[in-house]
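Just work.cif here, mmCIF, C-alpha atoms and all ligand atoms:
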data_protein
#
loop_
_atom_site.label_atom_id
_atom_site.label_comp_id
_atom_site.auth_asym_id
_atom_site.auth_seq_id
_atom_site.Cartn_x
_atom_site.Cartn_y
_atom_site.Cartn_z
CA MET A 1 5.18 -13.35 -7.20
CA LEU A 2 2.51 -14.27 -9.73
CA ASP A 3 1.54 -17.29 -7.61
CA TYR A 4 1.57 -15.06 -4.56
CA GLY A 5 -0.68 -12.52 -6.31
CA ILE A 6 -3.19 -15.23 -7.26
CA ALA A 7 -3.33 -16.47 -3.66
CA PHE A 8 -3.44 -12.89 -2.33
CA GLU A 9 -6.24 -11.60 -4.57
CA PRO A 10 -9.24 -13.08 -2.72
CA LEU A 11 -8.20 -11.76 0.71
CA PRO A 12 -10.47 -9.18 2.33
CA ALA A 13 -9.15 -5.68 1.54
CA SER A 14 -8.08 -4.73 5.08
CA ILE A 15 -6.18 -7.98 5.50
CA GLY A 16 -4.56 -7.65 2.07
CA VAL A 17 -3.36 -4.10 2.79
CA SER A 18 -2.08 -5.13 6.23
CA LEU A 19 -0.25 -8.08 4.71
CA VAL A 20 1.38 -5.92 2.01
CA ALA A 21 2.69 -3.56 4.71
CA HIS A 22 4.04 -6.42 6.82
CA GLU A 23 5.58 -8.45 4.01
CA ALA A 24 7.07 -5.45 2.21
CA THR A 25 8.76 -4.49 5.48
CA VAL A 26 10.07 -8.04 5.93
CA SER A 27 11.44 -8.01 2.40
CA ARG A 28 13.04 -4.57 2.91
CA LEU A 29 14.62 -5.85 6.12
CA GLY A 30 15.82 -8.93 4.25
CA ASP A 31 17.66 -6.58 1.90
CA GLU A 32 18.95 -4.10 4.45
CA CYS A 33 19.81 -6.15 7.56
CA ASN A 34 23.27 -7.42 8.35
CA ASP A 35 23.63 -11.10 9.28
CA GLU A 36 23.16 -10.52 13.02
CA GLN A 37 20.01 -8.42 12.47
CA ARG A 38 18.66 -10.97 10.01
CA ARG A 39 19.09 -13.83 12.52
CA ARG A 40 17.58 -11.81 15.38
CA LEU A 41 14.68 -10.05 13.66
CA LEU A 42 13.46 -12.05 10.69
CA PRO A 43 12.35 -15.48 12.01
CA ASP A 44 9.46 -14.13 14.15
CA LEU A 45 8.40 -11.73 11.40
CA ILE A 46 8.49 -14.33 8.62
CA ALA A 47 6.54 -16.78 10.80
CA GLY A 48 3.95 -14.09 11.56
CA ARG A 49 4.55 -14.31 15.31
CA LYS A 50 5.36 -10.61 15.19
CA ILE A 51 3.92 -7.84 13.02
CA CYS A 52 5.92 -5.02 11.44
CA CYS A 53 5.38 -1.98 9.27
CA THR A 54 7.26 0.73 7.40
CA GLY A 55 7.17 4.35 8.59
CA SER A 56 8.12 6.76 5.81
CA THR A 57 5.25 9.27 5.55
CA GLU A 58 5.28 12.31 7.85
CA PRO A 59 3.00 15.33 8.29
CA ASP A 60 5.08 17.31 5.73
CA THR A 61 6.43 14.42 3.68
CA GLY A 62 4.30 12.29 1.37
CA SER A 63 5.04 11.67 -2.30
CA ASP A 64 8.43 13.39 -2.08
CA PRO A 65 10.44 11.58 0.59
CA ARG A 66 13.22 14.17 0.58
CA GLY A 67 11.50 16.28 3.24
CA ILE A 68 11.84 13.74 6.02
CA ARG A 69 12.39 15.35 9.44
CA THR A 70 12.46 12.44 11.87
CA ARG A 71 15.95 12.52 13.35
CA LEU A 72 18.28 10.06 14.94
CA THR A 73 20.73 11.82 17.27
CA GLU A 74 23.49 10.79 19.62
CA THR A 75 23.04 11.97 23.22
CA SER A 76 24.88 11.23 26.45
CA ASP A 77 22.19 8.54 27.01
CA GLY A 78 22.80 6.94 23.61
CA LEU A 79 20.87 7.11 20.35
CA VAL A 80 17.44 8.76 20.39
CA LEU A 81 14.77 9.14 17.73
CA ASN A 82 12.45 12.16 17.48
CA GLY A 83 9.69 12.68 14.95
CA ARG A 84 6.19 11.78 13.84
CA LYS A 85 5.02 9.30 11.21
CA MET A 86 1.52 9.37 9.71
CA TRP A 87 -0.66 7.05 7.64
CA ILE A 88 1.28 3.97 8.68
CA THR A 89 -0.44 0.65 8.04
CA ASN A 90 -0.30 -1.72 11.07
CA VAL A 91 1.26 0.88 13.36
CA SER A 92 -1.28 0.46 16.15
CA VAL A 93 -0.77 -3.31 16.35
CA CYS A 94 2.84 -3.75 15.27
CA ASP A 95 5.79 -5.10 17.22
CA SER A 96 8.29 -3.07 15.21
CA VAL A 97 8.46 -0.19 12.71
CA LEU A 98 11.13 0.26 10.06
CA VAL A 99 11.56 4.03 10.27
CA THR A 100 13.17 6.21 7.63
CA CYS A 101 14.97 9.11 9.31
CA ILE A 102 17.84 11.57 9.13
CA ASP A 103 20.95 10.39 10.90
CA ALA A 104 22.17 13.63 12.47
CA ARG A 105 25.54 12.00 13.26
CA ARG A 106 26.40 12.05 9.56
CA GLY A 107 26.31 15.84 9.40
CA LYS A 108 26.10 17.26 5.90
CA SER A 109 28.58 14.86 4.35
CA GLY A 110 27.18 11.89 2.43
CA ASN A 111 23.58 10.67 2.44
CA PRO A 112 22.06 11.42 5.86
CA VAL A 113 18.96 9.26 5.27
CA THR A 114 19.02 6.04 7.23
CA LYS A 115 16.63 3.43 8.56
CA VAL A 116 16.19 2.11 12.06
CA ILE A 117 14.07 -0.73 13.29
CA VAL A 118 12.14 0.42 16.34
CA GLU A 119 11.15 -2.57 18.46
CA ARG A 120 8.19 -1.58 20.55
CA GLU A 121 9.12 -3.69 23.58
CA ARG A 122 12.60 -2.20 23.80
CA SER A 123 11.76 1.29 22.51
CA PRO A 124 8.17 2.16 23.48
CA PHE A 125 6.37 4.83 21.44
CA ASP A 126 2.84 6.24 21.22
CA ALA A 127 0.59 5.19 18.35
CA ARG A 128 -3.05 5.75 17.57
CA GLU A 129 -5.42 4.81 14.76
CA THR A 130 -6.71 7.36 12.25
CA GLU A 131 -10.40 7.41 11.28
CA THR A 132 -10.81 7.05 7.51
CA ILE A 133 -13.57 6.61 4.94
CA GLY A 134 -12.61 3.01 4.13
CA LEU A 135 -10.54 0.01 5.25
CA ARG A 136 -12.03 0.66 8.67
CA GLN A 137 -11.20 -2.84 9.89
CA GLY A 138 -7.53 -2.09 9.24
CA TYR A 139 -4.87 -0.52 11.41
CA LEU A 140 -3.89 2.74 9.75
CA GLY A 141 -2.49 5.30 12.13
CA GLU A 142 0.23 7.59 13.31
CA CYS A 143 3.03 7.32 15.84
CA VAL A 144 5.23 9.74 17.73
CA PHE A 145 8.83 9.16 18.70
CA ALA A 146 9.76 11.49 21.55
CA ASP A 147 13.33 10.88 22.72
CA CYS A 148 12.73 7.24 21.84
CA ARG A 149 15.84 5.25 22.81
CA ILE A 150 17.28 3.26 19.87
CA GLN A 151 19.74 0.40 20.26
CA PRO A 152 22.82 0.86 18.04
CA GLU A 153 22.34 -2.67 16.71
CA ASN A 154 18.94 -1.59 15.32
CA VAL A 155 20.37 0.93 12.88
CA MET A 156 20.37 -0.57 9.38
CA GLU A 157 23.61 -0.79 7.50
CA THR A 158 22.09 -0.74 4.06
CA GLN A 159 24.15 -2.82 1.67
CA ARG A 160 22.00 -1.94 -1.35
CA GLY A 161 20.93 1.70 -1.79
CA GLY A 162 17.77 2.42 0.24
CA THR A 163 16.00 3.72 -2.88
CA GLU A 164 16.78 0.52 -4.79
CA VAL A 165 15.28 -1.53 -1.95
CA LEU A 166 12.13 0.59 -1.97
CA LYS A 167 11.82 0.37 -5.76
CA ALA A 168 12.09 -3.42 -5.64
CA SER A 169 9.28 -3.65 -3.08
CA TRP A 170 7.09 -1.14 -4.95
CA ALA A 171 7.29 -3.27 -8.11
CA VAL A 172 5.49 -5.95 -6.15
CA ASN A 173 3.31 -3.86 -3.83
CA ARG A 174 1.70 -1.85 -6.61
CA PRO A 175 0.19 -4.77 -8.54
CA LEU A 176 -0.84 -6.28 -5.18
CA PHE A 177 -2.74 -3.09 -4.35
CA GLY A 178 -4.23 -3.36 -7.84
CA LEU A 179 -5.42 -6.87 -6.98
CA VAL A 180 -7.07 -5.57 -3.79
CA ALA A 181 -9.09 -3.29 -6.11
CA VAL A 182 -9.81 -6.21 -8.46
CA ASN A 183 -11.15 -8.30 -5.58
CA LEU A 184 -13.41 -5.49 -4.36
CA ALA A 185 -14.81 -5.02 -7.88
CA GLN A 186 -15.25 -8.79 -8.31
CA ARG A 187 -17.22 -9.06 -5.10
CA ALA A 188 -19.36 -6.06 -6.04
CA TYR A 189 -20.00 -7.64 -9.45
CA ASP A 190 -21.04 -10.97 -7.87
CA ILE A 191 -23.63 -9.15 -5.78
CA ALA A 192 -24.82 -7.08 -8.77
CA LEU A 193 -25.23 -10.12 -11.01
CA THR A 194 -27.25 -12.05 -8.42
CA TYR A 195 -29.43 -9.00 -7.85
CA ALA A 196 -29.93 -8.37 -11.57
CA MET A 197 -31.06 -11.96 -12.13
CA THR A 198 -33.72 -11.77 -9.39
CA ARG A 199 -34.88 -8.16 -9.32
CA ARG A 200 -37.81 -7.68 -11.73
CA GLN A 201 -38.89 -4.38 -13.33
CA PHE A 202 -41.01 -3.77 -16.44
CA GLY A 203 -42.17 -7.39 -16.35
CA LYS A 204 -38.78 -9.13 -16.50
CA PRO A 205 -35.52 -9.52 -14.55
CA ILE A 206 -33.47 -6.32 -14.84
CA ALA A 207 -30.64 -8.56 -16.16
CA ALA A 208 -32.72 -8.92 -19.33
CA HIS A 209 -32.61 -5.16 -19.99
CA GLN A 210 -29.96 -4.17 -22.51
CA LEU A 211 -28.39 -1.34 -20.51
CA ILE A 212 -28.01 -3.54 -17.42
CA GLN A 213 -26.22 -6.12 -19.58
CA LYS A 214 -23.90 -3.38 -20.83
CA GLN A 215 -23.10 -2.36 -17.27
CA LEU A 216 -22.35 -5.98 -16.35
CA SER A 217 -20.16 -6.29 -19.44
CA ASP A 218 -18.29 -3.07 -18.58
CA ILE A 219 -17.69 -4.27 -15.03
CA VAL A 220 -16.33 -7.65 -16.13
CA THR A 221 -14.15 -5.99 -18.78
CA ALA A 222 -12.64 -3.67 -16.15
CA ILE A 223 -12.01 -6.53 -13.73
CA THR A 224 -10.47 -8.80 -16.37
CA ALA A 225 -8.18 -6.16 -17.86
CA SER A 226 -7.10 -4.98 -14.41
CA ARG A 227 -6.38 -8.49 -13.19
CA LEU A 228 -4.29 -9.30 -16.26
CA LEU A 229 -2.23 -6.10 -15.97
CA CYS A 230 -1.49 -6.90 -12.32
CA TYR A 231 -0.55 -10.50 -13.16
CA GLN A 232 1.67 -9.26 -15.99
CA ALA A 233 3.55 -6.88 -13.67
CA LEU A 234 4.12 -9.65 -11.12
CA SER A 235 5.23 -12.01 -13.86
CA LEU A 236 7.83 -9.46 -15.03
CA VAL A 237 9.24 -9.45 -11.47
CA ASP A 238 9.37 -13.27 -11.57
CA HIS A 239 11.34 -13.11 -14.80
CA GLY A 240 13.78 -10.47 -13.55
CA GLN A 241 12.50 -7.96 -16.11
CA PRO A 242 12.14 -4.20 -15.45
CA ALA A 243 8.74 -3.88 -13.80
CA ALA A 244 8.49 -0.31 -12.44
CA GLY A 245 6.42 1.05 -15.35
CA ALA A 246 4.22 -2.06 -15.59
CA ALA A 247 3.63 -2.05 -11.83
CA ALA A 248 2.70 1.65 -11.84
CA MET A 249 0.40 1.14 -14.85
CA ALA A 250 -1.24 -1.91 -13.24
CA LYS A 251 -2.04 -0.23 -9.94
CA ARG A 252 -3.32 3.01 -11.49
CA PHE A 253 -5.45 1.26 -14.12
CA ALA A 254 -6.83 -1.35 -11.71
CA GLN A 255 -7.69 1.19 -9.05
CA THR A 256 -9.36 3.61 -11.49
CA GLU A 257 -11.27 1.02 -13.52
CA CYS A 258 -12.28 -1.10 -10.54
CA GLN A 259 -13.48 1.96 -8.65
CA ASN A 260 -15.73 2.75 -11.65
CA ALA A 261 -16.78 -0.91 -11.71
CA VAL A 262 -17.82 -0.85 -8.03
CA PHE A 263 -19.79 2.34 -8.73
CA GLN A 264 -21.57 0.66 -11.64
CA ALA A 265 -22.29 -2.44 -9.56
CA MET A 266 -23.91 -0.21 -6.93
CA ASN A 267 -25.96 1.33 -9.69
CA VAL A 268 -27.32 -2.06 -10.77
CA LEU A 269 -28.87 -2.38 -7.30
CA GLY A 270 -30.59 1.02 -7.46
CA ALA A 271 -31.43 2.30 -3.97
CA MET A 272 -30.50 -1.07 -2.51
CA GLY A 273 -26.87 -0.45 -3.59
CA LEU A 274 -26.71 2.47 -1.20
CA SER A 275 -27.84 0.41 1.80
CA LYS A 276 -25.45 -1.06 4.34
CA GLU A 277 -27.39 -4.32 4.00
CA ALA A 278 -26.23 -4.89 0.40
CA ARG A 279 -22.55 -4.51 1.48
CA ILE A 280 -21.41 -2.84 -1.75
CA GLU A 281 -21.12 0.52 0.00
CA GLN A 282 -18.26 -0.88 2.04
CA PHE A 283 -16.41 -1.92 -1.13
CA TYR A 284 -17.00 1.58 -2.49
CA ARG A 285 -15.44 3.15 0.61
CA ASP A 286 -12.59 0.63 0.77
CA ILE A 287 -11.56 1.05 -2.88
CA ARG A 288 -11.36 4.81 -2.39
CA MET A 289 -8.34 4.19 -0.11
CA ILE A 290 -6.32 2.32 -2.74
CA PRO A 291 -5.09 5.22 -4.96
CA VAL A 292 -2.95 6.69 -2.19
CA PRO A 293 -0.53 4.13 -0.65
CA ASP A 294 2.72 3.32 -2.47
CA GLY A 295 2.22 5.97 -5.13
CA THR A 296 -0.79 8.16 -5.86
CA ASN A 297 -2.31 7.95 -9.34
CA GLU A 298 -0.47 11.12 -10.36
CA ILE A 299 2.88 9.84 -9.15
CA LEU A 300 2.31 6.47 -10.85
CA ALA A 301 1.53 8.21 -14.15
CA LEU A 302 4.81 10.13 -13.82
CA ILE A 303 6.76 6.95 -13.05
CA HIS A 304 5.29 5.25 -16.11
CA GLY A 305 5.86 8.38 -18.20
CA ARG A 306 9.50 8.51 -17.10
CA GLU A 307 9.98 4.93 -18.24
CA LEU A 308 8.28 5.64 -21.59
CA THR A 309 10.18 8.84 -22.35
CA GLY A 310 13.37 8.57 -20.34
CA MET A 311 12.58 12.03 -18.98
CA GLU A 312 12.17 12.97 -15.34
CA ALA A 313 8.96 14.99 -14.84
CA PHE A 314 9.10 15.07 -11.03
CA ARG A 315 11.85 17.60 -10.62
CA GLY A 316 12.06 19.08 -14.10
CA THR A 317 15.65 17.89 -14.53
CA ALA A 318 17.63 15.07 -16.09
CA VAL A 319 16.11 15.48 -19.55
CA PRO A 320 18.45 13.75 -22.02
CA ALA A 321 19.96 15.94 -24.74
C1 LIG B 1 -4.37 3.07 3.03
C2 LIG B 1 -3.05 3.76 3.16
C3 LIG B 1 -1.95 3.05 3.62
C4 LIG B 1 -0.71 3.68 3.80
N1 LIG B 1 0.32 2.97 4.34
C5 LIG B 1 1.52 3.60 4.56
C6 LIG B 1 2.58 2.89 5.22
O1 LIG B 1 2.45 1.73 5.61
N2 LIG B 1 3.76 3.56 5.42
C7 LIG B 1 3.94 4.86 5.03
O2 LIG B 1 5.03 5.39 5.23
N3 LIG B 1 2.93 5.55 4.41
C8 LIG B 1 1.74 4.95 4.18
N4 LIG B 1 0.69 5.64 3.60
C9 LIG B 1 0.91 7.03 3.19
C10 LIG B 1 1.07 7.17 1.68
O3 LIG B 1 2.24 6.53 1.23
C11 LIG B 1 1.07 8.68 1.36
O4 LIG B 1 -0.21 9.18 1.75
C12 LIG B 1 1.35 8.90 -0.12
O5 LIG B 1 2.72 8.74 -0.38
C13 LIG B 1 0.93 10.31 -0.58
O6 LIG B 1 1.42 11.26 0.28
P1 LIG B 1 0.43 12.43 0.80
O7 LIG B 1 -0.83 11.81 1.27
O8 LIG B 1 1.21 13.24 1.77
O9 LIG B 1 0.08 13.28 -0.47
P2 LIG B 1 1.00 14.40 -1.16
O10 LIG B 1 2.32 13.84 -1.55
O11 LIG B 1 0.99 15.62 -0.31
O12 LIG B 1 0.17 14.68 -2.48
C14 LIG B 1 -1.08 15.41 -2.46
C15 LIG B 1 -1.63 15.38 -3.87
O13 LIG B 1 -0.68 16.00 -4.78
C16 LIG B 1 -0.35 15.10 -5.84
N5 LIG B 1 1.04 15.29 -6.21
C17 LIG B 1 2.16 15.22 -5.42
N6 LIG B 1 3.26 15.41 -6.16
C18 LIG B 1 2.86 15.58 -7.45
C19 LIG B 1 3.52 15.80 -8.68
N7 LIG B 1 4.86 15.86 -8.76
N8 LIG B 1 2.78 15.95 -9.81
C20 LIG B 1 1.42 15.85 -9.75
N9 LIG B 1 0.73 15.63 -8.61
C21 LIG B 1 1.45 15.50 -7.48
C22 LIG B 1 -0.61 13.71 -5.28
O14 LIG B 1 -0.84 12.76 -6.29
C23 LIG B 1 -1.86 13.95 -4.41
O15 LIG B 1 -3.00 13.93 -5.21
C24 LIG B 1 -0.55 5.04 3.44
C25 LIG B 1 -1.67 5.76 2.96
C26 LIG B 1 -2.89 5.14 2.84
C27 LIG B 1 -4.08 5.93 2.36
#
Using the file provided, produce a representation of the structure as structure tokens.
Ligand SMILES: Cc1cc2nc3c(=O)[nH]c(=O)nc-3n(C[C@H](O)[C@H](O)[C@H](O)COP(=O)(O)OP(=O)(O)OC[C@H]3O[C@@H](n4cnc5c(N)ncnc54)[C@H](O)[C@@H]3O)c2cc1C
Amino acid sequence: MLDYGIAFEPLPASIGVSLVAHEATVSRLGDECNDEQRRRLLPDLIAGRKICCTGSTEPDTGSDPRGIRTRLTETSDGLVLNGRKMWITNVSVCDSVLVTCIDARRGKSGNPVTKVIVERERSPFDARETETIGLRQGYLGECVFADCRIQPENVMETQRGGTEVLKASWAVNRPLFGLVAVNLAQRAYDIALTYAMTRRQFGKPIAAHQLIQKQLSDIVTAITASRLLCYQALSLVDHGQPAAGAAAMAKRFAQTECQNAVFQAMNVLGAMGLSKEARIEQFYRDIRMIPVPDGTNEILALIHGRELTGMEAFRGTAVPA
């Protein structure tokens, strides 16, 4: 995963985010599919001939997935899915969505949460893109399942617990999102440095003014520390070490520090930093999107805090004696 992170880091932000959504879904499917599903679904997805995504978030369900309302029910016509998913990366262009839903057939006994893979060709559904401040070249959107027919062979028979599968993919996704932020800050810094070396005020390049040098130093410090935290989290995954806390720390730190770094880089360009022509404004908008997917900054702090203290702050329970 460290090698993957190093190769991933320079990708444009919208492509990186799209890739994380696709590959995390492939890896979740790899964990949750039975042999027949694996043979049928994975080759086209792994080869990139088909695009997939994960649909967890709903209008009333974000950080706390327990409120999911999308339902799989048995009718005289077979299995149907009803519900709405929001803020789904790739949904407008995908061939399939891995949907988390309530399996109404299970009644109240046992865990009713299940996953189905909705193949668009076989189970058409409506999807549309959502206008956002950043990542505007990406494919973030919502979809509606209205009596959407689901083939029984597309219901996942999770071997590992669904939560365990999600946790494993988050340990990788979070530092990858951190590296998206690192790349945006790096590109903003490159523009700021070039500008500072050529722009002259008070008889010399602004790069020769002490406070500009401090800003450049602060930006590089933020980028370097963020990058190393993300690499460290990915390396822990490679070594089979617990990585949840490190991954949460890496994403939150990288996003916060690199967002400040992009702001400072804009500042080095003065008014020019605010222009579309200088291109930093796009990085500023794009990086604003990164705190939310796969754990907001608040949720990541709580995940890290839980690892540090052994106490669950989310639900106010499970505090050891
Ligand atoms: C670019 C992008 C890509 C995304 N891609 C996907 C995708 O592919 N698939 C998918 O299913 N979803 C996706 N999402 C949705 C994302 O996972 C959710 O937006 C996220 O989980 C937060 O949910 P929410 O927006 O409903 O905020 P909420 O959970 O409603 O939170 C609102 C605010 O309250 C805070 N908060 C919540 N609980 C606590 C707490 N216990 N303590 C302190 N503060 C708290 C949050 O940090 C946040 O600031 C994406 C979102 C974005 C922006």
>> Report as a VMD selection string all protein, DNA and RNA residues lying within 12 Å of segment 30-34 of chain A, evaluated on all atoms listed in the file, omitting residues in the same chain fewer than 5 positions from it.
In response: chain A and resid 23 to 25 39 to 43 45 to 46 98 114 to 117 153 to 169
> Which residue gives the smallest distance to Asn297 of chain A among A:Ser275, A:Glu142, A:Ser63, A:Ala127, with only C-alpha atoms counted?
Replying inline: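 Between A:Ser275, A:Glu142, A:Ser63, A:Ala127, the residue approaching Asn297 of chain A most closely is A:Ser63.
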> Interatomic distance between atom CA of Ala271 of chain A and atom CA of Tyr195 of chain A?
Replying inline: 12.1 Å
>> What's around Val220 of chain A at 12 Å? Count all atoms listed in the file, leave out sequence neighbours fewer than 2 positions away in its own chain, and write the answer as a PyMOL selection string.
In response: chain A and resi 182-183+185-190+192-193+213-218+222-227+257-258+260-262+264-265
Save the residues we just selected, C-alpha atoms, as an mmCIF file, in the frame of the given file?
data_model
loop_
_atom_site.group_PDB
_atom_site.id
_atom_site.type_symbol
_atom_site.label_atom_id
_atom_site.label_comp_id
_atom_site.auth_asym_id
_atom_site.auth_seq_id
_atom_site.Cartn_x
_atom_site.Cartn_y
_atom_site.Cartn_z
ATOM 1 C CA VAL A 182 -9.810 -6.210 -8.460
ATOM 2 C CA ASN A 183 -11.150 -8.300 -5.580
ATOM 3 C CA ALA A 185 -14.810 -5.020 -7.880
ATOM 4 C CA GLN A 186 -15.250 -8.790 -8.310
ATOM 5 C CA ARG A 187 -17.220 -9.060 -5.100
ATOM 6 C CA ALA A 188 -19.360 -6.060 -6.040
ATOM 7 C CA TYR A 189 -20.000 -7.640 -9.450
ATOM 8 C CA ASP A 190 -21.040 -10.970 -7.870
ATOM 9 C CA ALA A 192 -24.820 -7.080 -8.770
ATOM 10 C CA LEU A 193 -25.230 -10.120 -11.010
ATOM 11 C CA GLN A 213 -26.220 -6.120 -19.580
ATOM 12 C CA LYS A 214 -23.900 -3.380 -20.830
ATOM 13 C CA GLN A 215 -23.100 -2.360 -17.270
ATOM 14 C CA LEU A 216 -22.350 -5.980 -16.350
ATOM 15 C CA SER A 217 -20.160 -6.290 -19.440
ATOM 16 C CA ASP A 218 -18.290 -3.070 -18.580
ATOM 17 C CA ALA A 222 -12.640 -3.670 -16.150
ATOM 18 C CA ILE A 223 -12.010 -6.530 -13.730
ATOM 19 C CA THR A 224 -10.470 -8.800 -16.370
ATOM 20 C CA ALA A 225 -8.180 -6.160 -17.860
ATOM 21 C CA SER A 226 -7.100 -4.980 -14.410
ATOM 22 C CA ARG A 227 -6.380 -8.490 -13.190
ATOM 23 C CA GLU A 257 -11.270 1.020 -13.520
ATOM 24 C CA CYS A 258 -12.280 -1.100 -10.540
ATOM 25 C CA ASN A 260 -15.730 2.750 -11.650
ATOM 26 C CA ALA A 261 -16.780 -0.910 -11.710
ATOM 27 C CA VAL A 262 -17.820 -0.850 -8.030
ATOM 28 C CA GLN A 264 -21.570 0.660 -11.640
ATOM 29 C CA ALA A 265 -22.290 -2.440 -9.560
#
Please put the answer as lines of an AutoDock Vina configuration file: centre and edge lengths, in Å with one decimal, of a box along x, y and z that encloses all listed atoms of segment 230-235 of chain A plus 6 Å on each side.
center_x = 1.9
center_y = -9.4
center_z = -13.6
size_x = 18.7
size_y = 17.1
size_z = 16.9
Kindly provide, as a PDB file with C-alpha atoms, in the coordinates of the input, all nucleotide and amino acid residues lying within 9 Å of ligand LIG 1 (chain B), counting all atoms listed in the file.
ATOM      1  CA  SER A  14      -8.080  -4.730   5.080  1.00  0.00           C
ATOM      2  CA  VAL A  17      -3.360  -4.100   2.790  1.00  0.00           C
ATOM      3  CA  SER A  18      -2.080  -5.130   6.230  1.00  0.00           C
ATOM      4  CA  VAL A  20       1.380  -5.920   2.010  1.00  0.00           C
ATOM      5  CA  ALA A  21       2.690  -3.560   4.710  1.00  0.00           C
ATOM      6  CA  HIS A  22       4.040  -6.420   6.820  1.00  0.00           C
ATOM      7  CA  THR A  25       8.760  -4.490   5.480  1.00  0.00           C
ATOM      8  CA  CYS A  53       5.380  -1.980   9.270  1.00  0.00           C
ATOM      9  CA  THR A  54       7.260   0.730   7.400  1.00  0.00           C
ATOM     10  CA  GLY A  55       7.170   4.350   8.590  1.00  0.00           C
ATOM     11  CA  SER A  56       8.120   6.760   5.810  1.00  0.00           C
ATOM     12  CA  THR A  57       5.250   9.270   5.550  1.00  0.00           C
ATOM     13  CA  GLU A  58       5.280  12.310   7.850  1.00  0.00           C
ATOM     14  CA  PRO A  59       3.000  15.330   8.290  1.00  0.00           C
ATOM     15  CA  ASP A  60       5.080  17.310   5.730  1.00  0.00           C
ATOM     16  CA  THR A  61       6.430  14.420   3.680  1.00  0.00           C
ATOM     17  CA  GLY A  62       4.300  12.290   1.370  1.00  0.00           C
ATOM     18  CA  SER A  63       5.040  11.670  -2.300  1.00  0.00           C
ATOM     19  CA  ASP A  64       8.430  13.390  -2.080  1.00  0.00           C
ATOM     20  CA  PRO A  65      10.440  11.580   0.590  1.00  0.00           C
ATOM     21  CA  LYS A  85       5.020   9.300  11.210  1.00  0.00           C
ATOM     22  CA  MET A  86       1.520   9.370   9.710  1.00  0.00           C
ATOM     23  CA  TRP A  87      -0.660   7.050   7.640  1.00  0.00           C
ATOM     24  CA  ILE A  88       1.280   3.970   8.680  1.00  0.00           C
ATOM     25  CA  THR A  89      -0.440   0.650   8.040  1.00  0.00           C
ATOM     26  CA  ASN A  90      -0.300  -1.720  11.070  1.00  0.00           C
ATOM     27  CA  VAL A  91       1.260   0.880  13.360  1.00  0.00           C
ATOM     28  CA  VAL A  99      11.560   4.030  10.270  1.00  0.00           C
ATOM     29  CA  THR A 100      13.170   6.210   7.630  1.00  0.00           C
ATOM     30  CA  THR A 132     -10.810   7.050   7.510  1.00  0.00           C
ATOM     31  CA  GLY A 134     -12.610   3.010   4.130  1.00  0.00           C
ATOM     32  CA  LEU A 135     -10.540   0.010   5.250  1.00  0.00           C
ATOM     33  CA  GLY A 138      -7.530  -2.090   9.240  1.00  0.00           C
ATOM     34  CA  LEU A 140      -3.890   2.740   9.750  1.00  0.00           C
ATOM     35  CA  GLY A 141      -2.490   5.300  12.130  1.00  0.00           C
ATOM     36  CA  ASP A 286     -12.590   0.630   0.770  1.00  0.00           C
ATOM     37  CA  ARG A 288     -11.360   4.810  -2.390  1.00  0.00           C
ATOM     38  CA  MET A 289      -8.340   4.190  -0.110  1.00  0.00           C
ATOM     39  CA  ILE A 290      -6.320   2.320  -2.740  1.00  0.00           C
ATOM     40  CA  PRO A 291      -5.090   5.220  -4.960  1.00  0.00           C
ATOM     41  CA  VAL A 292      -2.950   6.690  -2.190  1.00  0.00           C
ATOM     42  CA  PRO A 293      -0.530   4.130  -0.650  1.00  0.00           C
ATOM     43  CA  ASP A 294       2.720   3.320  -2.470  1.00  0.00           C
ATOM     44  CA  GLY A 295       2.220   5.970  -5.130  1.00  0.00           C
ATOM     45  CA  THR A 296      -0.790   8.160  -5.860  1.00  0.00           C
ATOM     46  CA  ASN A 297      -2.310   7.950  -9.340  1.00  0.00           C
ATOM     47  CA  GLU A 298      -0.470  11.120 -10.360  1.00  0.00           C
ATOM     48  CA  ILE A 299       2.880   9.840  -9.150  1.00  0.00           C
ATOM     49  CA  LEU A 300       2.310   6.470 -10.850  1.00  0.00           C
ATOM     50  CA  ALA A 301       1.530   8.210 -14.150  1.00  0.00           C
ATOM     51  CA  LEU A 302       4.810  10.130 -13.820  1.00  0.00           C
ATOM     52  CA  ALA A 313       8.960  14.990 -14.840  1.00  0.00           C
ATOM     53  CA  PHE A 314       9.100  15.070 -11.030  1.00  0.00           C
ATOM     54  CA  ARG A 315      11.850  17.600 -10.620  1.00  0.00           C
TER      55      ARG A 315
END
>> Just to confirm, what's the straight-line distance from atom CA of Glu121 of chain A to atom CA of Ser92 of chain A in Å (one decimal)?
In response: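 Between atom CA of Glu121 of chain A and atom CA of Ser92 of chain A the gap works out to 13.4 Å.
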For Val93 of chain A: contacts at 9 Å, all atoms listed in the file, fewer than 4 positions along chain excluded, given as a PDB file with C-alpha atoms, in the coordinates of the input:
ATOM      1  CA  ILE A  51       3.920  -7.840  13.020  1.00  0.00           C
ATOM      2  CA  CYS A  52       5.920  -5.020  11.440  1.00  0.00           C
ATOM      3  CA  ALA A 127       0.590   5.190  18.350  1.00  0.00           C
ATOM      4  CA  TYR A 139      -4.870  -0.520  11.410  1.00  0.00           C
TER       5      TYR A 139
END
>> List as an MDAnalysis selection string the residues having at least one atom at most 12 Å from position (-0.8, -16.0, -5.0) as given in the file, counting only C-alpha atoms.
In response: chainID A and resid 1:11 16 172 175:176 179 230:231 234:235
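Counting all atoms listed in the file and comparing A:Ala244, A:Ile280, A:Ile287, A:Ala13, the residue that lies closest to Arg174 of chain A is A:Ala244.
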